[in-house]
Each structure stands twice: as C-alpha cells, then as structure tokens.
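A.B. asks: Data file data-v3.txt (compact mmCIF, C-alpha atoms) is appended below.
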```txt
# COMPACT_ATOMS: atom_id res chain seq x y z
CA MET Q 159 106.65 133.04 112.08
CA ALA Q 160 106.50 135.77 114.72
CA MET Q 161 107.76 134.63 118.07
CA ASN Q 162 104.46 135.34 119.79
CA GLU Q 163 103.02 132.51 117.68
CA VAL Q 164 105.28 129.91 119.30
CA THR Q 165 102.88 127.47 120.97
CA ILE Q 166 105.09 124.43 121.38
CA LYS Q 167 105.74 123.61 125.00
CA ALA Q 168 109.21 122.84 126.30
CA ASP Q 169 108.68 119.51 128.04
CA THR Q 170 112.35 118.58 128.17
CA TYR Q 171 115.74 120.25 128.38
CA GLU Q 172 116.33 119.29 124.73
CA ASP Q 173 113.18 121.22 123.83
CA VAL Q 174 114.33 124.37 125.59
CA LYS Q 175 117.81 124.16 124.04
CA ARG Q 176 116.20 124.22 120.61
CA LEU Q 177 113.73 126.95 121.52
CA VAL Q 178 116.25 129.35 123.07
CA LYS Q 179 118.33 129.09 119.88
CA GLU Q 180 115.24 129.75 117.76
CA ILE Q 181 113.82 132.57 119.90
CA GLY Q 182 117.11 134.30 120.73
CA ILE Q 183 115.91 136.37 123.69
CA LEU Q 184 114.00 134.22 126.17
CA PRO Q 185 112.99 135.90 129.44
CA LEU Q 186 112.17 133.70 132.39
CA SER Q 187 108.86 135.51 132.98
CA SER Q 188 106.46 137.03 130.46
CA PHE Q 189 107.32 140.73 130.55
CA ILE Q 190 108.14 141.37 126.87
CA PRO Q 191 104.80 142.04 125.09
CA GLU Q 192 103.57 139.24 122.83
CA HIS Q 193 106.80 137.32 123.28
CA PRO Q 194 107.40 133.82 124.68
CA SER Q 195 109.11 133.22 128.00
CA LEU Q 196 110.42 130.14 129.75
CA GLU Q 197 107.39 130.47 132.01
CA SER Q 198 104.91 130.53 129.10
CA LEU Q 199 106.60 127.64 127.28
CA THR Q 200 106.50 125.29 130.24
CA VAL Q 201 103.92 123.77 132.54
CA HIS Q 202 103.66 125.40 135.97
CA GLU Q 203 103.77 122.03 137.71
CA GLN Q 204 107.25 121.35 136.28
CA TRP Q 205 108.83 124.21 138.24
CA HIS Q 206 110.81 123.79 141.48
CA THR Q 207 110.53 120.02 141.58
CA GLY Q 208 114.29 119.43 141.49
CA LEU Q 209 113.75 116.88 138.73
CA GLU Q 210 115.48 116.94 135.34
CA THR Q 211 112.26 118.37 133.88
CA ASP Q 212 112.47 121.44 136.15
CA PRO Q 213 112.86 124.68 134.11
CA TRP Q 214 114.38 126.35 137.19
CA LEU Q 215 117.35 123.99 136.72
CA TRP Q 216 117.42 124.48 132.94
CA ARG Q 217 118.08 128.20 133.36
CA ASP Q 218 121.44 127.33 134.95
CA LEU Q 219 122.32 124.43 132.66
CA LEU Q 220 122.10 126.59 129.52
CA PRO Q 221 124.83 129.09 130.52
CA GLY Q 222 126.86 126.29 132.07
CA GLU Q 223 126.95 124.58 128.68
CA GLY Q 224 127.58 127.81 126.80
CA LEU Q 225 124.22 127.63 125.01
CA ALA Q 226 122.81 130.89 126.36
CA ALA Q 227 123.98 133.87 128.37
CA TYR Q 228 121.98 134.37 131.55
CA GLY Q 229 121.52 137.60 133.44
CA ARG Q 230 119.43 140.68 134.14
CA PHE Q 231 120.52 142.44 130.98
CA PHE Q 232 117.60 144.87 130.78
CA ALA Q 233 114.45 145.78 132.72
CA LYS Q 234 116.14 144.22 135.77
CA LYS Q 235 114.53 140.92 134.75
CA PRO Q 236 116.33 137.59 134.30
CA LEU Q 237 116.83 136.62 130.65
CA LEU Q 238 118.40 133.90 128.59
CA ILE Q 239 120.02 135.09 125.36
CA SER Q 240 121.21 132.48 122.87
CA SER Q 241 124.95 132.21 122.39
CA GLU Q 242 124.43 133.08 118.71
CA LEU Q 243 122.70 136.37 119.55
CA PHE Q 244 124.51 137.38 122.73
CA PRO Q 245 127.61 138.88 121.04
CA LEU Q 246 125.37 141.36 119.19
CA ILE Q 247 123.39 142.18 122.34
CA LYS Q 248 126.61 142.61 124.35
CA ASN Q 249 127.97 144.92 121.65
CA LEU Q 250 124.90 147.16 122.06
CA LEU Q 251 124.75 147.04 125.85
CA GLU Q 252 128.40 147.39 126.76
CA ASP Q 253 130.05 150.67 127.66
CA PRO Q 254 133.21 151.74 125.80
CA TYR Q 255 134.80 152.72 129.11
CA THR Q 256 136.14 150.34 131.76
CA VAL Q 257 134.44 149.91 135.12
CA ASP Q 258 137.19 151.96 136.77
CA GLU Q 259 136.75 154.79 134.27
CA ARG Q 260 132.99 154.72 134.79
CA TYR Q 261 133.51 154.85 138.55
CA SER Q 262 135.80 157.86 138.13
CA ASP Q 263 133.07 159.52 136.06
CA GLY Q 264 130.47 158.82 138.75
CA GLU Q 265 128.58 156.31 136.63
CA LEU Q 266 129.26 153.26 138.79
CA SER Q 267 129.29 152.73 142.55
CA LYS Q 268 132.36 151.64 144.46
CA ALA Q 269 130.46 148.45 145.28
CA ALA Q 270 130.01 147.68 141.56
CA VAL Q 271 133.71 148.17 140.88
CA ASP Q 272 134.64 145.95 143.82
CA VAL Q 273 132.19 143.27 142.69
CA TYR Q 274 133.51 143.35 139.13
CA HIS Q 275 137.14 143.00 140.17
CA ALA Q 276 136.29 140.20 142.61
CA ILE Q 277 134.57 138.29 139.77
CA ALA Q 278 137.37 139.01 137.28
CA GLY Q 279 139.90 137.75 139.83
CA ASN Q 280 137.97 134.55 140.54
CA GLU Q 281 135.91 133.63 137.49
CA GLY Q 282 132.93 131.48 138.44
CA ILE Q 283 132.85 132.77 142.03
CA ASP Q 284 129.66 131.91 143.89
CA VAL Q 285 127.50 134.62 145.40
CA LYS Q 286 128.34 133.81 149.02
CA ALA Q 287 132.09 134.04 148.39
CA LEU Q 288 131.53 137.17 146.29
CA ARG Q 289 129.75 138.98 149.10
CA ALA Q 290 132.52 138.02 151.50
CA ALA Q 291 135.26 139.11 149.09
CA THR Q 292 133.69 142.54 148.69
CA ASP Q 293 132.77 143.10 152.36
CA LEU Q 294 129.11 143.28 151.33
CA LYS Q 295 127.83 140.32 153.31
CA SER Q 296 125.88 142.19 156.00
CA LYS Q 297 122.10 142.57 155.81
CA GLU Q 298 122.58 146.32 155.50
CA SER Q 299 124.74 145.82 152.39
CA LYS Q 300 122.35 143.51 150.53
CA ASN Q 301 120.61 146.25 148.50
CA GLU Q 302 123.95 147.80 147.59
CA PHE Q 303 125.28 144.40 146.52
CA ASP Q 304 122.19 143.55 144.47
CA ARG Q 305 122.27 146.94 142.76
CA ALA Q 306 125.94 146.46 141.87
CA LEU Q 307 125.15 143.11 140.23
CA ILE Q 308 122.27 144.57 138.22
CA ASP Q 309 124.32 147.58 137.10
CA LEU Q 310 127.10 145.28 135.86
CA GLN Q 311 124.70 142.90 134.12
CA SER Q 312 122.86 145.76 132.41
CA LYS Q 313 126.08 146.68 130.60
CA ALA Q 314 126.91 143.01 129.93
CA ASP Q 315 130.05 143.30 132.08
CA ILE Q 316 129.12 140.09 133.90
CA VAL Q 317 126.82 137.09 133.44
CA ILE Q 318 125.36 134.42 135.67
CA ALA Q 319 127.48 131.43 134.78
CA GLY Q 320 125.47 128.68 136.45
CA ILE Q 321 125.38 127.25 139.94
CA SER Q 322 127.70 125.52 142.37
CA GLU Q 323 126.54 122.91 144.82
CA ARG Q 324 127.01 123.83 148.44
CA LEU Q 325 128.92 121.00 150.09
CA ASN Q 326 129.83 120.30 153.71
CA ALA Q 327 133.26 119.25 154.98
CA ASN Q 328 132.55 115.66 153.96
CA GLY Q 329 131.78 116.65 150.38
CA THR Q 330 128.05 115.99 150.80
CA LYS Q 331 125.51 118.43 149.39
CA ASN Q 332 124.38 120.77 152.13
CA GLY Q 333 121.77 123.47 151.50
CA TRP Q 334 120.67 125.31 148.35
CA ASN Q 335 122.84 125.63 145.27
CA SER Q 336 124.63 128.96 144.92
CA THR Q 337 124.59 131.27 141.89
CA CYS Q 338 127.97 131.81 140.22
CA TYR Q 339 129.20 134.82 138.24
CA MET Q 340 131.75 135.37 135.49
CA THR Q 341 132.80 138.33 133.43
CA ALA Q 342 130.92 138.14 130.14
CA SER Q 343 134.16 138.20 128.14
CA HIS Q 344 135.50 135.20 130.08
CA TRP Q 345 132.24 133.28 129.64
CA MET Q 346 132.37 133.88 125.88
CA GLU Q 347 136.02 132.89 125.65
CA LEU Q 348 135.39 129.77 127.74
CA HIS Q 349 132.71 128.59 125.33
CA GLY Q 350 134.40 129.71 122.11
CA ILE Q 351 131.90 132.49 121.37
CA ALA Q 352 133.35 135.20 119.14
CA LYS Q 353 132.85 138.90 119.90
CA ASN Q 354 130.69 141.11 117.72
CA THR Q 355 132.77 144.14 116.78
CA LEU Q 356 130.40 145.93 114.40
CA PRO Q 357 130.25 149.71 114.75
CA THR Q 358 127.16 150.72 116.73
CA PRO Q 359 125.07 151.91 113.72
CA GLU Q 360 125.64 148.59 111.93
CA ALA Q 361 124.98 146.55 115.08
CA LYS Q 362 121.71 148.43 115.60
CA ALA Q 363 120.73 147.82 111.97
CA GLN Q 364 121.41 144.11 112.39
CA LEU Q 365 119.20 143.91 115.47
CA ARG Q 366 116.44 145.96 113.81
CA THR Q 367 116.39 143.47 110.93
CA LEU Q 368 116.19 140.54 113.34
CA LEU Q 369 113.29 142.12 115.23
CA GLN Q 370 111.38 142.82 112.02
CA GLU Q 371 111.90 139.30 110.67
CA LYS Q 372 111.31 137.18 113.75
CA TYR Q 373 109.53 139.09 116.50
CA SER Q 374 105.95 140.28 116.98
CA GLU Q 375 105.23 143.95 116.36
CA ALA Q 376 104.67 144.58 120.08
CA ALA Q 377 107.87 142.81 121.11
CA GLY Q 378 109.79 144.61 118.38
CA LYS Q 379 108.56 148.01 119.58
CA TYR Q 380 109.48 147.19 123.17
CA LEU Q 381 112.99 146.01 122.28
CA THR Q 382 113.50 148.93 119.89
CA LYS Q 383 113.04 151.26 122.87
CA ILE Q 384 115.28 149.17 125.11
CA PHE Q 385 118.17 149.23 122.63
CA LYS Q 386 117.44 152.75 121.32
CA LEU Q 387 117.24 151.52 117.76
```
What is this structure when it is put down as structure tokens?
C.D. replies:
Amino acid sequence: MAMNEVTIKADTYEDVKRLVKEIGILPLSSFIPEHPSLESLTVHEQWHTGLETDPWLWRDLLPGEGLAAYGRFFAKKPLLISSELFPLIKNLLEDPYTVDERYSDGELSKAAVDVYHAIAGNEGIDVKALRAATDLKSKESKNEFDRALIDLQSKADIVIAGISERLNANGTKNGWNSTCYMTASHWMELHGIAKNTLPTPEAKAQLRTLLQEKYSEAAGKYLTKIFKL
C-alpha cells in the first residue's frame, strides 16, 4: 500500500508509534506530495492541549524514547524519521568531512561550528543554555543561531532529542518546555541504533527500492530529488 493511502488516524501515542515505524519519514506538516504527515493523521482539535493525546507532545516523546529521529533534515521542515530508517537517511545526508574541516573550506559558519561543539560537549543541552554557551543569545543573533541549527540538522550532524522542563529554584515547572539537542551519533548510540555504513551508491539504491515499494509516485519523485537518487 502506498503511503498516501494511509487513512487511519493516530488517536493515541501508541497509534503514532506504530505509524511512524510503518511510514518511515513522517513530517509534522503536509509538505511532501501525496504523503502522510503527523498533521494529516491527527485531529486538529488534539493539538496544543497539553494532554497526553496532544501530537505536539508526541513529537518530543518519540526521539526521547529512541523511536524516531526528529529534526529539520531537509526542506527546513521538521520531520520524524523512524529509528529503523534514520541510519540510512543519515548515511545519505552526512558529510564525509568534520564540521571544523567544512568551516575551513567555507561550507559552514563559525556559529554552526560553535553550536556543534557546544552540543557535543553537553549532550542534551537545551536551547536556552545553547544560545548562552555560544554567545548567540541576543535578538540580533537569533537568525544566525537558527541558521546554524538548520545547517547542522540538514547534514544529520545533530538532532532534536526531546524537551526539558523549565523549573524554578524550588523545582516547580516554570514556563514553556525547552527544546534539547544532541549530536546524531550520540543519540543513536544512546538508543542502541547501529550506523549504516553502506557505500553511497548502495545506500542510494536501498532508498530507491524503499521509495518504489512503499511511497506514492509523487512522494517518491520528491524524495528522489531531495536525496539525488
């Protein structure tokens, strides 16, 4: 069955755990042609309620439990990628050169390098602490900071690892939860997810087969362009 034919709604977190494993690549919003998204699989009224049926909370529970990688891996859009598929996707997205080498070659900004090293030195760091650690906490630095995060996610250098609750001095929840980041390699190691080490031609062939077998023609064409298959 092509993934655009998925009509079952995700009413519970158990539903979405099953569906993300089945679908593989599950964007939060419907931007991949003829392909399901967390938005399309859920009821609008469920969102942003703060209840256990809130898909906005599910998107953080999945990476926290090691069931799906979460990040803006392509098109600058947030995506969930099942832990079974993520090693292959990471293999195709990642750069063979380190962040420092890419900076030396002019391919990464200084901000991106600083952000990466701050995350690698404090795995699971929340976004507020990350901005402070990289001296990118001013309003003027926000665009630079956001661009650094997207650049690193687009090469699967880092992932969104979940959220941390913001607590006051008394240990009581105070304010909105904060997004946390990890290096992708640490997230995989933490959850016992093995790397995919296929040579690029074989990795591309594996993804092509998956797209042909499971995805709609329109979604397959879109992802073929994204991954240059």
A.B. asks: Which residues of range 241-358 of chain Q come within 8 Å of range 195-219 of chain Q, and for each one, what is the closest pair of atoms and their distance in Å to one decimal, counting all atoms listed in the file, sorted by chain and residue number, as a Markdown table?
C.D. replies:
```
| residue | atom | partner | partner_atom | distance |
| --- | --- | --- | --- | --- |
| Q:Ala319 | CA | Q:Asp218 | CA | 7.3 |
| Q:Gly320 | CA | Q:Asp218 | CA | 4.5 |
| Q:Ile321 | CA | Q:Asp218 | CA | 6.4 |
```
A.B. asks: Please report, as CSV, each residue of range 245-281 of chain Q lying at most 9 Å from range 343-355 of chain Q, together with the nearest pair of atoms and the separation in Å rounded to one decimal; use only C-alpha atoms, and order rows by chain and ascending residue number.
C.D. replies:
```
residue,atom,partner,partner_atom,distance
Q:Pro245,CA,Q:Asn354,CA,5.0
Q:Leu246,CA,Q:Asn354,CA,5.5
Q:Ile247,CA,Q:Asn354,CA,8.7
Q:Lys248,CA,Q:Asn354,CA,7.9
Q:Asn249,CA,Q:Asn354,CA,6.1
Q:Ala278,CA,Q:His344,CA,8.4
Q:Glu281,CA,Q:His344,CA,7.6
```
A.B. asks: Please provide the set of residues having any atom within 7 Å of range 291-298 of chain Q, restricted to only C-alpha atoms, with same-chain residues fewer than 2 positions apart removed, written as a PDB file with C-alpha atoms, in the coordinates of the input.
C.D. replies:
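part-v2.pdb, freshly written:
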```pdb
ATOM      1  CA  ASP Q 272     134.640 145.950 143.820  1.00  0.00           C
ATOM      2  CA  VAL Q 273     132.190 143.270 142.690  1.00  0.00           C
ATOM      3  CA  ALA Q 276     136.290 140.200 142.610  1.00  0.00           C
ATOM      4  CA  ALA Q 287     132.090 134.040 148.390  1.00  0.00           C
ATOM      5  CA  LEU Q 288     131.530 137.170 146.290  1.00  0.00           C
ATOM      6  CA  ARG Q 289     129.750 138.980 149.100  1.00  0.00           C
ATOM      7  CA  LYS Q 300     122.350 143.510 150.530  1.00  0.00           C
ATOM      8  CA  PHE Q 303     125.280 144.400 146.520  1.00  0.00           C
TER       9      PHE Q 303
END
```
A.B. asks: Residues near Glu252 in chain Q, anyone? I mean within 7 Å using all atoms listed in the file, not counting same-chain ones fewer than 5 positions away, as a list in words.
C.D. replies: Lys313, Ala314 and Asp315 of chain Q
A.B. asks: Next, write the just-selected residues to a file, as a JSON list (two decimals), in the coordinates of the input, keeping C-alpha atoms as the atom set.
C.D. replies:
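Saved as out.json:
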```
[["chain", "number", "residue", "atom", "x", "y", "z"],
["Q", 313, "LYS", "CA", 126.08, 146.68, 130.60],
["Q", 314, "ALA", "CA", 126.91, 143.01, 129.93],
["Q", 315, "ASP", "CA", 130.05, 143.30, 132.08]]
```
A.B. asks: Every residue with an atom at most 7 Å from (128.6, 148.3, 146.9) (file coordinates; all atoms listed in the file) is what I'm after, so could you write them as a list in words?
C.D. replies: Ser267, Lys268, Ala269, Ala270, Leu294, Glu302, Phe303 and Ala306 of chain Q
A.B. asks: Distance CA of Ser187 in chain Q-CA of Val271 in chain Q, one decimal place?
C.D. replies: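 So the answer is 29.0 Å.
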A.B. asks: Q:Tyr380, Q:Tyr373, Q:Tyr171, Q:Tyr339: which is nearest Ile277 in chain Q, counting all atoms listed in the file?
C.D. replies: Q:Tyr339
A.B. asks: Measuring atom to atom with only C-alpha atoms, identify which of Q:Gly282, Q:Ala342, Q:Lys379, Q:Ile190 is nearest to Ala233 in chain Q.
C.D. replies: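 Looking only at the distances to Ala233 in chain Q, the closest residue turns out to be Q:Ile190.
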A.B. asks: May I ask for the distance between CA of Pro191 in chain Q and CA of Lys234 in chain Q, given in Å to one decimal place?
C.D. replies: 15.7 Å
A.B. asks: Once 6 Å is added on each side, what are the centre and the three edge lengths, in Å to one decimal, of the axis-aligned box enclosing the listed atoms of range 252-270 of chain Q? Present them as JSON.
C.D. replies:
```
{"center_x": 132.8, "center_y": 153.5, "center_z": 135.5, "size_x": 20.8, "size_y": 24.1, "size_z": 31.5}
```
A.B. asks: For range 172-183 of chain Q, supply all heavy atoms and format the output as a short mmCIF file (atom, residue, chain, number, x, y, z; two decimals), keeping the file's coordinate frame.
C.D. replies:
```cif
data_model
loop_
_atom_site.label_atom_id
_atom_site.label_comp_id
_atom_site.auth_asym_id
_atom_site.auth_seq_id
_atom_site.Cartn_x
_atom_site.Cartn_y
_atom_site.Cartn_z
N GLU Q 172 116.02 119.26 126.16
CA GLU Q 172 116.33 119.29 124.73
C GLU Q 172 115.39 120.25 124.00
O GLU Q 172 115.82 120.96 123.09
CB GLU Q 172 116.22 117.87 124.13
CG GLU Q 172 117.29 116.91 124.60
CD GLU Q 172 118.70 117.40 124.30
OE1 GLU Q 172 118.93 117.85 123.15
OE2 GLU Q 172 119.56 117.35 125.20
N ASP Q 173 114.13 120.28 124.42
CA ASP Q 173 113.18 121.22 123.83
C ASP Q 173 113.62 122.66 124.04
O ASP Q 173 113.61 123.48 123.12
CB ASP Q 173 111.79 121.05 124.46
CG ASP Q 173 111.10 119.76 124.07
OD1 ASP Q 173 111.46 119.19 123.03
OD2 ASP Q 173 110.20 119.33 124.82
N VAL Q 174 113.99 122.98 125.28
CA VAL Q 174 114.33 124.37 125.59
C VAL Q 174 115.65 124.77 124.93
O VAL Q 174 115.83 125.93 124.56
CB VAL Q 174 114.34 124.63 127.11
CG1 VAL Q 174 115.65 124.26 127.76
CG2 VAL Q 174 114.02 126.09 127.42
N LYS Q 175 116.57 123.85 124.75
CA LYS Q 175 117.81 124.16 124.04
C LYS Q 175 117.50 124.59 122.61
O LYS Q 175 118.07 125.56 122.10
CB LYS Q 175 118.75 122.94 124.03
CG LYS Q 175 119.44 122.68 125.34
CD LYS Q 175 120.67 121.81 125.20
CE LYS Q 175 120.36 120.42 124.74
NZ LYS Q 175 121.58 119.55 124.74
N ARG Q 176 116.59 123.87 121.98
CA ARG Q 176 116.20 124.22 120.61
C ARG Q 176 115.46 125.55 120.57
O ARG Q 176 115.72 126.40 119.71
CB ARG Q 176 115.33 123.10 120.03
CG ARG Q 176 114.76 123.39 118.67
CD ARG Q 176 113.94 122.21 118.17
NE ARG Q 176 112.91 121.81 119.13
CZ ARG Q 176 111.76 122.44 119.27
NH1 ARG Q 176 111.49 123.52 118.56
NH2 ARG Q 176 110.86 122.00 120.14
N LEU Q 177 114.55 125.76 121.53
CA LEU Q 177 113.73 126.95 121.52
C LEU Q 177 114.53 128.23 121.83
O LEU Q 177 114.28 129.27 121.24
CB LEU Q 177 112.57 126.80 122.51
CG LEU Q 177 111.46 125.86 122.03
CD1 LEU Q 177 110.51 125.52 123.18
CD2 LEU Q 177 110.69 126.47 120.87
N VAL Q 178 115.48 128.15 122.76
CA VAL Q 178 116.25 129.35 123.07
C VAL Q 178 117.10 129.76 121.86
O VAL Q 178 117.29 130.95 121.60
CB VAL Q 178 117.11 129.16 124.34
CG1 VAL Q 178 118.34 128.31 124.08
CG2 VAL Q 178 117.53 130.51 124.91
N LYS Q 179 117.56 128.78 121.11
CA LYS Q 179 118.33 129.09 119.88
C LYS Q 179 117.41 129.73 118.84
O LYS Q 179 117.80 130.68 118.15
CB LYS Q 179 118.96 127.81 119.33
CG LYS Q 179 119.86 128.05 118.13
CD LYS Q 179 120.60 126.77 117.74
CE LYS Q 179 121.56 127.03 116.59
NZ LYS Q 179 122.35 125.83 116.23
N GLU Q 180 116.19 129.23 118.74
CA GLU Q 180 115.24 129.75 117.76
C GLU Q 180 114.72 131.14 118.15
O GLU Q 180 114.61 132.04 117.31
CB GLU Q 180 114.06 128.78 117.66
CG GLU Q 180 112.96 129.21 116.72
CD GLU Q 180 111.77 128.26 116.74
OE1 GLU Q 180 111.95 127.09 117.16
OE2 GLU Q 180 110.67 128.69 116.35
N ILE Q 181 114.43 131.32 119.43
CA ILE Q 181 113.82 132.57 119.90
C ILE Q 181 114.85 133.68 120.10
O ILE Q 181 114.59 134.84 119.83
CB ILE Q 181 113.02 132.30 121.19
CG1 ILE Q 181 111.83 131.39 120.88
CG2 ILE Q 181 112.54 133.60 121.83
CD1 ILE Q 181 111.17 130.79 122.11
N GLY Q 182 116.03 133.31 120.57
CA GLY Q 182 117.11 134.30 120.73
C GLY Q 182 117.10 134.96 122.09
O GLY Q 182 118.03 134.81 122.87
N ILE Q 183 116.07 135.72 122.38
CA ILE Q 183 115.91 136.37 123.69
C ILE Q 183 114.74 135.69 124.39
O ILE Q 183 113.58 135.81 123.96
CB ILE Q 183 115.63 137.88 123.54
CG1 ILE Q 183 116.83 138.57 122.87
CG2 ILE Q 183 115.35 138.51 124.91
CD1 ILE Q 183 116.59 140.05 122.56
#
```
